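Heads up, model-v7.tsv below (TSV, C-alpha atoms):
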```
chain	number	residue	atom	x	y	z
A	1	MET	CA	31.53	36.82	39.67
A	2	GLY	CA	30.02	36.80	36.14
A	3	LYS	CA	30.40	33.98	33.64
A	4	GLU	CA	32.81	35.91	31.43
A	5	GLU	CA	34.90	37.02	34.36
A	6	SER	CA	35.24	33.53	35.83
A	7	PHE	CA	36.04	32.06	32.40
A	8	THR	CA	38.76	34.67	31.82
A	9	ARG	CA	40.24	33.91	35.23
A	10	ILE	CA	40.29	30.15	34.52
A	11	ILE	CA	41.94	30.66	31.13
A	12	LYS	CA	44.54	32.97	32.63
A	13	GLU	CA	45.32	30.49	35.38
A	14	ASN	CA	45.69	27.61	32.92
A	15	GLU	CA	47.23	29.27	29.87
A	16	GLY	CA	50.42	27.23	30.28
A	17	LEU	CA	48.39	24.08	29.75
A	18	ILE	CA	46.92	25.37	26.47
A	19	PHE	CA	50.31	26.67	25.36
A	20	LYS	CA	51.95	23.27	25.85
A	21	ILE	CA	49.22	21.48	23.90
A	22	THR	CA	49.53	23.96	21.03
A	23	THR	CA	53.28	23.44	20.98
A	24	ILE	CA	53.15	19.66	20.65
A	25	TYR	CA	50.32	19.62	18.12
A	26	THR	CA	51.48	22.26	15.65
A	27	GLU	CA	54.45	22.75	13.38
A	28	ASN	CA	54.63	26.50	12.92
A	29	GLY	CA	53.96	29.67	14.87
A	30	GLN	CA	50.85	30.67	12.94
A	31	ASP	CA	49.14	27.27	13.37
A	32	GLN	CA	50.09	27.41	17.02
A	33	LYS	CA	48.38	30.81	17.44
A	34	ASP	CA	45.32	29.63	15.52
A	35	LEU	CA	45.07	26.48	17.61
A	36	TYR	CA	45.41	28.51	20.82
A	37	GLN	CA	42.48	30.70	19.74
A	38	GLU	CA	40.43	27.70	18.65
A	39	ILE	CA	40.97	25.94	21.98
A	40	VAL	CA	39.93	29.04	23.95
A	41	TYR	CA	36.89	29.38	21.69
A	42	GLN	CA	35.90	25.72	22.16
A	43	LEU	CA	36.39	26.03	25.92
A	44	TRP	CA	34.14	29.09	25.93
A	45	LYS	CA	31.49	27.26	23.90
A	46	SER	CA	31.44	24.30	26.27
A	47	TYR	CA	31.87	26.35	29.45
A	48	ASP	CA	28.12	26.20	30.17
A	49	SER	CA	28.20	22.43	30.13
A	50	PHE	CA	31.01	22.30	32.68
A	51	ARG	CA	29.23	21.50	35.91
A	52	ASN	CA	32.10	20.94	38.36
A	53	GLU	CA	31.51	17.19	38.11
A	54	SER	CA	35.15	16.75	37.11
A	55	LYS	CA	38.23	18.81	37.95
A	56	ILE	CA	38.57	21.99	35.90
A	57	SER	CA	41.93	20.80	34.56
A	58	THR	CA	40.41	17.47	33.45
A	59	TRP	CA	37.69	19.33	31.55
A	60	MET	CA	40.25	21.68	30.00
A	61	TYR	CA	42.62	18.90	28.93
A	62	ARG	CA	39.73	16.96	27.38
A	63	ILE	CA	38.44	19.89	25.32
A	64	ALA	CA	41.91	21.16	24.41
A	65	LEU	CA	43.20	17.75	23.31
A	66	ASN	CA	40.06	16.99	21.31
A	67	THR	CA	40.31	20.36	19.59
A	68	ALA	CA	44.02	19.91	18.87
A	69	ILE	CA	43.54	16.40	17.50
A	70	GLY	CA	40.57	17.53	15.39
A	71	GLN	CA	42.55	20.44	13.96
A	72	LEU	CA	45.58	18.27	13.27
A	73	LYS	CA	43.50	15.71	11.39
A	74	LYS	CA	41.97	18.49	9.30
A	75	SER	CA	45.30	20.15	8.53
A	76	LYS	CA	47.06	16.85	7.74
A	77	LYS	CA	45.00	16.62	4.57
A	78	HIS	CA	46.84	19.62	3.19
A	79	SER	CA	49.90	19.67	5.40
A	80	ASN	CA	53.01	21.66	4.74
A	81	LYS	CA	55.60	20.18	7.08
A	82	THR	CA	58.07	22.49	8.76
A	83	GLY	CA	60.59	21.98	11.53
A	84	ILE	CA	60.25	22.49	15.24
A	85	ASP	CA	62.31	25.66	14.88
A	86	GLN	CA	59.26	27.51	13.64
A	87	VAL	CA	57.06	26.68	16.62
A	88	VAL	CA	57.07	29.27	19.40
A	89	LEU	CA	58.66	27.47	22.33
A	90	ARG	CA	58.42	30.28	24.81
A	91	GLN	CA	56.19	33.16	25.70
A	92	THR	CA	58.92	35.58	26.77
A	93	GLU	CA	62.67	36.00	26.43
A	94	SER	CA	63.37	34.54	29.84
A	95	TYR	CA	64.78	31.14	28.72
A	96	ASP	CA	68.52	30.70	28.32
A	97	THR	CA	69.93	29.16	25.14
A	98	GLU	CA	70.99	25.93	26.80
A	99	PHE	CA	67.57	25.34	28.29
A	100	GLU	CA	65.92	26.20	25.00
A	101	ASN	CA	68.05	23.61	23.20
A	102	ARG	CA	67.06	20.95	25.72
A	103	LEU	CA	63.44	21.99	25.35
A	104	LYS	CA	63.73	21.74	21.59
A	105	MET	CA	65.05	18.20	21.96
A	106	VAL	CA	62.10	17.32	24.18
A	107	TYR	CA	59.65	18.62	21.62
A	108	GLU	CA	61.49	16.82	18.83
A	109	GLN	CA	61.05	13.54	20.70
A	110	ILE	CA	57.36	14.24	21.28
A	111	HIS	CA	56.77	15.35	17.69
A	112	GLN	CA	57.85	11.94	16.46
A	113	LEU	CA	55.01	10.23	18.31
A	114	ASN	CA	51.58	9.73	16.78
A	115	ILE	CA	48.56	11.94	17.55
A	116	LEU	CA	47.23	9.95	20.51
A	117	GLU	CA	50.67	9.20	21.93
A	118	LYS	CA	51.45	12.93	21.96
A	119	GLY	CA	48.41	13.54	24.16
A	120	LEU	CA	49.28	10.64	26.46
A	121	ILE	CA	52.89	11.71	26.96
A	122	LEU	CA	51.78	15.27	27.62
A	123	LEU	CA	49.39	14.12	30.34
A	124	LEU	CA	52.06	11.86	31.80
A	125	LEU	CA	54.58	14.70	31.85
A	126	GLU	CA	51.96	16.90	33.49
A	127	GLY	CA	51.99	14.43	36.36
A	128	LYS	CA	48.56	12.92	35.73
A	129	LYS	CA	47.80	9.47	37.12
A	130	TYR	CA	46.58	6.70	34.78
A	131	GLU	CA	43.09	7.05	36.22
A	132	GLU	CA	42.89	10.74	35.30
A	133	ILE	CA	44.49	10.16	31.90
A	134	ALA	CA	41.81	7.55	31.25
A	135	GLU	CA	39.10	10.02	32.24
A	136	ILE	CA	40.49	12.70	29.94
A	137	THR	CA	41.14	10.51	26.91
A	138	GLY	CA	38.20	8.14	27.26
A	139	LEU	CA	40.53	5.10	27.20
A	140	SER	CA	40.47	2.39	29.85
A	141	GLU	CA	43.12	2.55	32.58
A	142	THR	CA	44.70	-0.69	31.32
A	143	ASN	CA	44.81	0.66	27.79
A	144	VAL	CA	46.48	3.84	29.05
A	145	GLY	CA	49.09	1.77	30.89
A	146	THR	CA	49.84	-0.37	27.84
A	147	ARG	CA	50.13	2.59	25.51
A	148	ILE	CA	52.36	4.52	27.90
A	149	SER	CA	54.77	1.62	28.29
A	150	ARG	CA	54.92	1.40	24.47
A	151	ILE	CA	55.74	5.11	24.33
A	152	LYS	CA	58.53	4.62	26.87
A	153	GLN	CA	59.92	1.78	24.76
A	154	LYS	CA	59.76	3.91	21.64
A	155	LEU	CA	61.68	6.70	23.34
A	156	LYS	CA	64.28	4.24	24.69
A	157	SER	CA	64.82	2.59	21.33
A	158	ARG	CA	65.39	5.98	19.73
A	159	ILE	CA	68.01	6.79	22.32
A	160	LEU	CA	69.75	3.44	21.68
A	161	LYS	CA	69.71	4.03	17.94
A	162	LYS	CA	71.46	7.36	18.46
B	1	MET	CA	67.25	11.88	26.23
B	2	ASP	CA	65.19	9.49	28.38
B	3	LEU	CA	61.80	9.99	29.96
B	4	GLU	CA	63.28	11.22	33.26
B	5	GLU	CA	65.26	13.91	31.49
B	6	ILE	CA	62.23	14.87	29.45
B	7	GLN	CA	60.26	15.09	32.70
B	8	THR	CA	62.87	17.41	34.25
B	9	VAL	CA	62.90	19.78	31.28
B	10	TRP	CA	59.11	19.70	31.16
B	11	SER	CA	58.76	20.61	34.86
B	12	GLU	CA	61.23	23.44	34.45
B	13	MET	CA	59.29	24.78	31.48
B	14	THR	CA	56.00	24.47	33.39
B	15	ASP	CA	57.45	26.56	36.23
B	16	GLN	CA	58.54	29.22	33.73
B	17	LEU	CA	55.15	29.26	32.04
B	18	GLU	CA	53.39	29.78	35.35
B	19	LYS	CA	55.08	33.15	35.64
B	20	GLN	CA	53.94	34.34	32.22
B	21	LYS	CA	50.54	35.59	31.19
B	22	LYS	CA	51.37	37.15	27.84
B	23	LEU	CA	49.43	34.99	25.40
B	24	THR	CA	46.11	35.00	27.17
B	25	THR	CA	46.17	38.71	27.87
B	26	GLU	CA	46.66	39.39	24.16
B	27	LEU	CA	43.96	36.95	23.16
B	28	ILE	CA	41.48	38.23	25.73
B	29	MET	CA	42.01	41.77	24.44
B	30	LYS	CA	41.26	40.58	20.90
B	31	MET	CA	38.20	38.63	22.01
B	32	THR	CA	36.96	41.65	23.98
B	33	GLN	CA	37.42	43.83	20.89
B	34	GLU	CA	35.33	41.38	18.87
B	35	ARG	CA	32.59	41.13	21.49
B	36	TYR	CA	32.55	44.92	21.83
B	37	ARG	CA	32.19	45.42	18.07
B	38	THR	CA	29.40	42.89	17.65
B	39	LYS	CA	27.36	44.72	20.32
B	40	PHE	CA	26.79	47.49	17.78
B	41	ASP	CA	26.29	45.27	14.71
B	42	LYS	CA	22.52	44.88	15.05
B	43	ILE	CA	21.81	48.54	15.67
B	44	THR	CA	24.15	49.58	12.84
B	45	PHE	CA	22.28	47.22	10.51
B	46	TYR	CA	18.89	48.75	11.35
B	47	GLU	CA	20.28	52.28	11.23
B	48	THR	CA	21.73	51.57	7.77
B	49	ILE	CA	18.37	50.34	6.51
B	50	GLY	CA	16.75	53.43	8.07
B	51	ALA	CA	19.32	55.65	6.41
B	52	VAL	CA	18.65	54.12	2.99
B	53	VAL	CA	14.89	54.69	3.44
B	54	CYS	CA	15.57	58.32	4.48
B	55	PHE	CA	17.83	58.91	1.47
B	56	VAL	CA	15.26	57.46	-0.94
B	57	MET	CA	12.57	59.70	0.58
B	58	ALA	CA	14.85	62.74	0.39
B	59	LEU	CA	15.61	61.95	-3.26
B	60	TYR	CA	11.90	61.62	-4.02
B	61	LEU	CA	11.24	65.02	-2.40
B	62	LEU	CA	14.16	66.61	-4.23
B	63	VAL	CA	12.93	65.35	-7.60
B	64	ASN	CA	9.41	66.67	-6.92
B	65	ILE	CA	10.30	69.84	-5.05
B	66	ASN	CA	8.88	72.04	-7.83
B	67	LYS	CA	5.38	70.79	-6.90
B	68	LEU	CA	5.60	72.65	-3.58
B	69	ASP	CA	4.01	75.88	-4.76
B	70	THR	CA	3.71	77.94	-1.56
B	71	TRP	CA	6.51	79.38	0.59
B	72	TYR	CA	5.45	77.39	3.69
B	73	LEU	CA	5.29	74.08	1.80
B	74	MET	CA	8.67	74.83	0.25
B	75	ALA	CA	10.10	75.62	3.71
B	76	CYS	CA	8.67	72.37	5.06
B	77	GLY	CA	10.10	70.50	2.07
B	78	ILE	CA	13.61	71.89	2.52
B	79	PHE	CA	13.52	71.23	6.28
B	80	THR	CA	12.33	67.63	5.69
B	81	ILE	CA	15.00	66.94	3.05
B	82	ALA	CA	17.72	68.38	5.28
B	83	LEU	CA	16.67	66.27	8.24
B	84	LEU	CA	16.33	63.11	6.16
B	85	LEU	CA	19.89	63.58	4.89
B	86	ILE	CA	21.71	64.94	7.94
B	87	LEU	CA	20.34	62.86	10.84
B	88	PRO	CA	21.17	59.38	9.47
B	89	VAL	CA	24.64	60.50	8.34
B	90	ILE	CA	25.53	61.84	11.80
B	91	THR	CA	24.12	58.76	13.55
B	92	LEU	CA	25.97	56.34	11.26
B	93	ARG	CA	29.21	58.30	11.64
B	94	LEU	CA	28.98	58.20	15.42
B	95	LEU	CA	28.13	54.50	15.38
B	96	GLY	CA	31.12	53.86	13.11
B	97	LYS	CA	33.37	55.87	15.42
B	98	ILE	CA	32.26	54.01	18.55
B	99	GLN	CA	32.52	50.64	16.80
B	100	GLN	CA	36.00	51.22	15.42
B	101	MET	CA	37.58	52.07	18.76
B	102	ASN	CA	40.81	50.10	19.14
B	103	ILE	CA	40.88	48.42	22.54
B	104	VAL	CA	44.04	46.43	21.78
B	105	LYS	CA	46.11	49.45	20.79
B	106	ASN	CA	44.95	52.00	23.34
B	107	SER	CA	45.33	51.98	27.11
B	108	PHE	CA	42.33	51.27	29.33
B	109	LYS	CA	42.09	54.93	30.37
B	110	GLU	CA	42.25	56.18	26.78
B	111	THR	CA	39.61	53.66	25.71
B	112	ILE	CA	37.18	54.59	28.48
B	113	VAL	CA	37.64	58.35	27.95
B	114	SER	CA	37.14	58.05	24.20
B	115	TYR	CA	34.22	55.66	24.62
B	116	THR	CA	32.40	57.87	27.14
B	117	LYS	CA	32.82	60.91	24.91
B	118	THR	CA	31.46	59.17	21.81
B	119	LYS	CA	28.69	57.45	23.78
B	120	ASN	CA	27.50	60.80	25.15
B	121	GLN	CA	27.56	62.30	21.64
B	122	LEU	CA	25.58	59.34	20.30
B	123	LEU	CA	22.96	59.53	23.04
B	124	LEU	CA	22.71	63.33	22.66
B	125	MET	CA	22.20	62.83	18.94
B	126	GLN	CA	19.42	60.36	19.67
B	127	ARG	CA	17.68	62.84	22.00
B	128	VAL	CA	18.00	65.62	19.41
B	129	GLY	CA	16.68	63.16	16.82
B	130	ILE	CA	13.64	62.44	18.99
B	131	TYR	CA	12.72	66.13	19.30
B	132	LEU	CA	13.34	66.71	15.61
B	133	SER	CA	11.17	63.75	14.66
B	134	PHE	CA	8.23	65.51	16.36
B	135	VAL	CA	8.89	68.56	14.19
B	136	LEU	CA	9.30	66.29	11.16
B	137	MET	CA	5.89	64.85	11.90
B	138	PHE	CA	4.37	68.31	11.19
B	139	THR	CA	6.43	69.00	8.08
B	140	CYS	CA	6.51	65.75	6.14
B	141	LEU	CA	2.78	64.96	5.95
B	142	PRO	CA	1.76	68.21	4.14
B	143	VAL	CA	4.81	67.93	1.86
B	144	PHE	CA	4.03	64.36	0.79
B	145	SER	CA	0.32	65.12	0.57
B	146	LYS	CA	1.00	68.02	-1.79
B	147	ILE	CA	3.41	66.05	-3.97
B	148	MET	CA	1.41	62.80	-4.12
B	149	ASN	CA	-2.22	64.08	-4.03
B	150	ASN	CA	-1.83	67.77	-4.83
B	151	LYS	CA	-3.62	68.68	-1.55
B	152	ASP	CA	-2.53	71.49	0.75
B	153	LEU	CA	-3.16	70.09	4.25
B	154	PHE	CA	-2.51	73.47	5.86
B	155	LEU	CA	-5.82	74.55	4.36
B	156	GLN	CA	-7.67	71.48	5.70
B	157	GLY	CA	-7.84	71.57	9.50
B	158	LYS	CA	-9.77	68.34	10.07
B	159	ILE	CA	-7.07	65.84	9.22
B	160	TRP	CA	-4.70	67.27	11.85
B	161	LEU	CA	-7.18	66.39	14.58
B	162	THR	CA	-6.73	62.66	13.97
B	163	TYR	CA	-3.18	62.70	12.57
B	164	ILE	CA	-1.51	64.57	15.43
B	165	PRO	CA	-2.75	62.45	18.39
B	166	VAL	CA	-2.05	59.18	16.54
B	167	MET	CA	1.44	60.28	15.50
B	168	VAL	CA	2.30	61.69	18.94
B	169	ILE	CA	1.37	58.40	20.63
B	170	PHE	CA	3.26	56.39	18.00
B	171	LEU	CA	6.35	58.59	18.20
B	172	LEU	CA	6.34	58.62	22.00
B	173	LEU	CA	6.27	54.82	22.14
B	174	PHE	CA	8.70	54.28	19.26
B	175	THR	CA	11.30	56.84	20.35
B	176	ARG	CA	11.19	55.62	23.98
B	177	TRP	CA	11.80	52.06	22.76
B	178	GLY	CA	14.56	53.19	20.38
B	179	TYR	CA	16.33	55.26	23.02
B	180	LYS	CA	16.10	52.39	25.51
B	181	CYS	CA	17.75	50.08	22.93
B	182	TYR	CA	20.62	52.55	22.51
B	183	LYS	CA	21.02	52.88	26.27
B	184	ASN	CA	21.09	49.09	26.74
B	185	ILE	CA	23.62	48.53	23.96
B	186	THR	CA	25.95	51.31	25.05
B	187	ASN	CA	25.76	50.18	28.71
B	188	SER	CA	26.44	46.60	27.76
B	189	ALA	CA	29.43	47.64	25.58
B	190	GLU	CA	30.69	49.77	28.47
B	191	ASN	CA	30.52	46.76	30.79
B	192	ILE	CA	32.66	44.77	28.34
B	193	LEU	CA	35.26	47.55	28.43
B	194	LYS	CA	35.15	47.75	32.21
B	195	GLU	CA	35.99	44.04	32.46
B	196	LEU	CA	39.40	44.94	31.03
B	197	GLU	CA	40.20	46.88	34.16
B	198	THR	CA	39.94	43.80	36.40
```

Before anything else, please render the file you have as structure tokens.
Amino acid sequence: MGKEESFTRIIKENEGLIFKITTIYTENGQDQKDLYQEIVYQLWKSYDSFRNESKISTWMYRIALNTAIGQLKKSKKHSNKTGIDQVVLRQTESYDTEFENRLKMVYEQIHQLNILEKGLILLLLEGKKYEEIAEITGLSETNVGTRISRIKQKLKSRILKK
Amino acid sequence: MDLEEIQTVWSEMTDQLEKQKKLTTELIMKMTQERYRTKFDKITFYETIGAVVCFVMALYLLVNINKLDTWYLMACGIFTIALLLILPVITLRLLGKIQQMNIVKNSFKETIVSYTKTKNQLLLMQRVGIYLSFVLMFTCLPVFSKIMNNKDLFLQGKIWLTYIPVMVIFLLLFTRWGYKCYKNITNSAENILKELET
């Protein structure tokens, strides 16, 4: 299998992962599309350096999160804030309205976190262990644990306030 | 909404996303289109430069055509001008046509059919161009010699003895290299298109 073919297959298999990252790190549909393209481009650029030393998903999360955070920092300088309504939450029409409302609430909670916390909660929700989160983010395992418990507290306190 | 609830919604969404491949398919089509187009960029650039050189030469001949004072020099002049104008235009048009093919809009079958047709036309044009350049070799030298030095080379046999072998060797090597470049580029672009089938 050629390089391009195997890359395309990997992207197709993991497009949900990229989609979720673009959803939590952008505030409108156009930025989301641009970020999706940028992540795929950055993955392609670094594909040669991927040597199967880590899991493919670890490599993808690392590149995708770094790209998303980099883009967000750049765009924050001239940001034009819009609501979650404008982000594309789904890829097809298959969601029902009730589920979409719940999903919107989830994204609203995540959008209130800071840049790094967004990445951490995403990895936690994806079922990653602290060890893998540490590998992806470059933080120590203890640091990951501390930050995640802070995120949990933040979420709880918001619920209590409501 | 607590973390457990968030986790449940997230898992449900992940399951849904697993079933969908819409975004990547669209993006891959666009990336393929871009990669396909850039395959022809280099050759189009060189062909454009070549075309400009040909047009300048044709213009120079047109301006000085009255200096061609015999019927055979005039015939050579007209043939040279026509070739210098027509060949680059046809080549650039075919390159433009092959480069502008819309992979995203058309189906795979339509793309391949249209590509193969244009590719064959382009390669045929290159082969015709090769044969014509051998003819051009005989017509342009006396025309330029007459205009620039006022010498009728048809009346001087000696120069042909050195000019013809040198030019034949040069043209054989150059046209073989040029045709090989076209073959490589069109094959490589075809491979990009064929990846879409898988």

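Here CA of Thr111 (chain B) stands at a distance of 24.7 Å from CA of Val40 (chain A).
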
* **Check: which chain A residues lie within 9 Å of chain B using all atoms listed in the file, as a ChimeraX atom specification** => /A:4-5,8,11-17,19-20,36-37,40,90-92,94-95,99,102-103,105-106,109,124-126,152,155-156,158-159

Might you pull out every residue within 10 Å of region 52-61 of chain A, with only C-alpha atoms counted and same-chain residues fewer than 5 positions away left off, and present them as a tab-separated table (two decimals) with C-alpha atoms, in the coordinates of the input?
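As a result, result25.tsv now contains:
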```tsv
chain	number	residue	atom	x	y	z
A	10	ILE	CA	40.29	30.15	34.52
A	11	ILE	CA	41.94	30.66	31.13
A	14	ASN	CA	45.69	27.61	32.92
A	17	LEU	CA	48.39	24.08	29.75
A	18	ILE	CA	46.92	25.37	26.47
A	21	ILE	CA	49.22	21.48	23.90
A	39	ILE	CA	40.97	25.94	21.98
A	40	VAL	CA	39.93	29.04	23.95
A	42	GLN	CA	35.90	25.72	22.16
A	43	LEU	CA	36.39	26.03	25.92
A	46	SER	CA	31.44	24.30	26.27
A	47	TYR	CA	31.87	26.35	29.45
A	66	ASN	CA	40.06	16.99	21.31
A	67	THR	CA	40.31	20.36	19.59
A	119	GLY	CA	48.41	13.54	24.16
A	122	LEU	CA	51.78	15.27	27.62
A	123	LEU	CA	49.39	14.12	30.34
A	128	LYS	CA	48.56	12.92	35.73
A	132	GLU	CA	42.89	10.74	35.30
A	133	ILE	CA	44.49	10.16	31.90
A	135	GLU	CA	39.10	10.02	32.24
A	136	ILE	CA	40.49	12.70	29.94
A	137	THR	CA	41.14	10.51	26.91
```

* **Nearest-residue call for Tyr131 (chain B), choices B:Thr175, B:Asn187, B:Asn66, B:Ser107, using all atoms listed in the file** =>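 Nearest candidate to Tyr131 (chain B) out of B:Thr175, B:Asn187, B:Asn66, B:Ser107: B:Thr175.
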
* To one decimal place, how far is CA of Val63 (chain B) from CA of Val135 (chain B) in Å? ->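 Interatomic distance, CA of Val63 (chain B) to CA of Val135 (chain B): 22.4 Å.
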
* Asked: In Å, with one decimal, what is the gap from CA of Leu35 (chain A) to CA of Thr97 (chain A)?
  -> 26.1 Å

* Name the residues, using the chain letters and numbers of the file, that sit within 10 Å of (30.1, 55.9, 24.7) when counting all atoms listed in the file, and give them as a PyMOL selection string. => chain B and resi 94-95+97-99+111-123+183+185-187+189-190

Take the residues from that selection and put them in a file with C-alpha atoms, as a compact mmCIF listing (two decimals), keeping the file's coordinate frame.
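Below you can see part_9.txt, which holds the result:
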```
# COMPACT_ATOMS: atom_id res chain seq x y z
CA LEU B 94 28.98 58.20 15.42
CA LEU B 95 28.13 54.50 15.38
CA LYS B 97 33.37 55.87 15.42
CA ILE B 98 32.26 54.01 18.55
CA GLN B 99 32.52 50.64 16.80
CA THR B 111 39.61 53.66 25.71
CA ILE B 112 37.18 54.59 28.48
CA VAL B 113 37.64 58.35 27.95
CA SER B 114 37.14 58.05 24.20
CA TYR B 115 34.22 55.66 24.62
CA THR B 116 32.40 57.87 27.14
CA LYS B 117 32.82 60.91 24.91
CA THR B 118 31.46 59.17 21.81
CA LYS B 119 28.69 57.45 23.78
CA ASN B 120 27.50 60.80 25.15
CA GLN B 121 27.56 62.30 21.64
CA LEU B 122 25.58 59.34 20.30
CA LEU B 123 22.96 59.53 23.04
CA LYS B 183 21.02 52.88 26.27
CA ILE B 185 23.62 48.53 23.96
CA THR B 186 25.95 51.31 25.05
CA ASN B 187 25.76 50.18 28.71
CA ALA B 189 29.43 47.64 25.58
CA GLU B 190 30.69 49.77 28.47
```

* Surrounding residues of Ala82 (chain B) excluding itself and chain neighbours under 6 positions, 12 Å, only C-alpha atoms, as a list in words ->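 Non-adjacent residues within range: Cys54, Phe55, Met57, Ala58, Leu59, Leu61, Leu62, Ala75, Cys76, Pro88, Val89, Leu132, Leu136, Thr139 and Cys140 of chain B.
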
* To do: Go through A:Glu141, A:Trp44, A:Asp31, A:Ile115 one by one, measure the shortest atom-to-atom distance of each to Lys3 (chain A) using only C-alpha atoms, and give the residue with the smallest value.
  => A:Trp44

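Counting all atoms listed in the file and comparing B:Val52, B:Ile169, B:Met29, B:Leu153, the residue that lies closest to Lys105 (chain B) is B:Met29.
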
* Nearest to Thr23 (chain A), chosen from A:Leu65, A:Leu139, A:Val144, A:Ala134, with all atoms listed in the file counted in the distances -> A:Leu65

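With all atoms listed in the file as the atoms that count, the minimum distance from Ile63 (chain A) to the choices A:Lys118, A:Arg9, A:Lys45, A:Lys129 is reached by A:Lys45.
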
Fewer than 3 positions away in the same chain doesn't count, so skip those; otherwise give me all residues within 10 Å of Arg147 (chain A), counting only C-alpha atoms, as an mmCIF file with C-alpha atoms, keeping the file's coordinate frame.
```
data_model
loop_
_atom_site.group_PDB
_atom_site.id
_atom_site.type_symbol
_atom_site.label_atom_id
_atom_site.label_comp_id
_atom_site.auth_asym_id
_atom_site.auth_seq_id
_atom_site.Cartn_x
_atom_site.Cartn_y
_atom_site.Cartn_z
ATOM 1 C CA LEU A 116 47.230 9.950 20.510
ATOM 2 C CA GLU A 117 50.670 9.200 21.930
ATOM 3 C CA LEU A 120 49.280 10.640 26.460
ATOM 4 C CA ILE A 121 52.890 11.710 26.960
ATOM 5 C CA GLU A 141 43.120 2.550 32.580
ATOM 6 C CA THR A 142 44.700 -0.690 31.320
ATOM 7 C CA ASN A 143 44.810 0.660 27.790
ATOM 8 C CA VAL A 144 46.480 3.840 29.050
ATOM 9 C CA ARG A 150 54.920 1.400 24.470
ATOM 10 C CA ILE A 151 55.740 5.110 24.330
ATOM 11 C CA LYS A 152 58.530 4.620 26.870
ATOM 12 C CA GLN A 153 59.920 1.780 24.760
#
```

* **Best match for closeness to Val53 (chain B) among B:Leu84, B:Met137, B:Val143, B:Ile103, counting only C-alpha atoms** => B:Leu84

As an mmCIF file, in the frame of the given file, could you write out region 66-79 of chain B once it has been completed with N, CA and C atoms?
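The result, stored in rebuild00.cif:
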```cif
data_model
loop_
_atom_site.group_PDB
_atom_site.id
_atom_site.type_symbol
_atom_site.label_atom_id
_atom_site.label_comp_id
_atom_site.auth_asym_id
_atom_site.auth_seq_id
_atom_site.Cartn_x
_atom_site.Cartn_y
_atom_site.Cartn_z
ATOM 1 N N ASN B 66 9.572 70.979 -7.088
ATOM 2 C CA ASN B 66 8.880 72.040 -7.830
ATOM 3 C C ASN B 66 7.360 72.023 -7.653
ATOM 4 N N LYS B 67 6.830 70.888 -7.127
ATOM 5 C CA LYS B 67 5.380 70.790 -6.900
ATOM 6 C C LYS B 67 4.950 71.558 -5.644
ATOM 7 N N LEU B 68 5.926 71.931 -4.813
ATOM 8 C CA LEU B 68 5.600 72.650 -3.580
ATOM 9 C C LEU B 68 5.462 74.141 -3.953
ATOM 10 N N ASP B 69 4.229 74.581 -4.142
ATOM 11 C CA ASP B 69 4.010 75.880 -4.760
ATOM 12 C C ASP B 69 3.783 77.055 -3.802
ATOM 13 N N THR B 70 3.827 76.806 -2.488
ATOM 14 C CA THR B 70 3.710 77.940 -1.560
ATOM 15 C C THR B 70 4.995 78.023 -0.740
ATOM 16 N N TRP B 71 5.248 79.197 -0.159
ATOM 17 C CA TRP B 71 6.510 79.380 0.590
ATOM 18 C C TRP B 71 6.587 78.447 1.793
ATOM 19 N N TYR B 72 5.396 78.238 2.499
ATOM 20 C CA TYR B 72 5.450 77.390 3.690
ATOM 21 C C TYR B 72 5.649 75.911 3.344
ATOM 22 N N LEU B 73 5.064 75.482 2.213
ATOM 23 C CA LEU B 73 5.290 74.080 1.800
ATOM 24 C C LEU B 73 6.743 73.885 1.372
ATOM 25 N N MET B 74 7.262 74.894 0.679
ATOM 26 C CA MET B 74 8.670 74.830 0.250
ATOM 27 C C MET B 74 9.599 74.772 1.478
ATOM 28 N N ALA B 75 9.279 75.622 2.489
ATOM 29 C CA ALA B 75 10.100 75.620 3.710
ATOM 30 C C ALA B 75 10.033 74.262 4.391
ATOM 31 N N CYS B 76 8.820 73.709 4.461
ATOM 32 C CA CYS B 76 8.670 72.370 5.060
ATOM 33 C C CYS B 76 9.462 71.326 4.274
ATOM 34 N N GLY B 77 9.391 71.440 2.933
ATOM 35 C CA GLY B 77 10.100 70.500 2.070
ATOM 36 C C GLY B 77 11.594 70.548 2.296
ATOM 37 N N ILE B 78 12.152 71.751 2.333
ATOM 38 C CA ILE B 78 13.610 71.890 2.520
ATOM 39 C C ILE B 78 14.018 71.353 3.902
ATOM 40 N N PHE B 79 13.224 71.706 4.922
ATOM 41 C CA PHE B 79 13.520 71.230 6.280
ATOM 42 C C PHE B 79 13.482 69.689 6.315
#
```
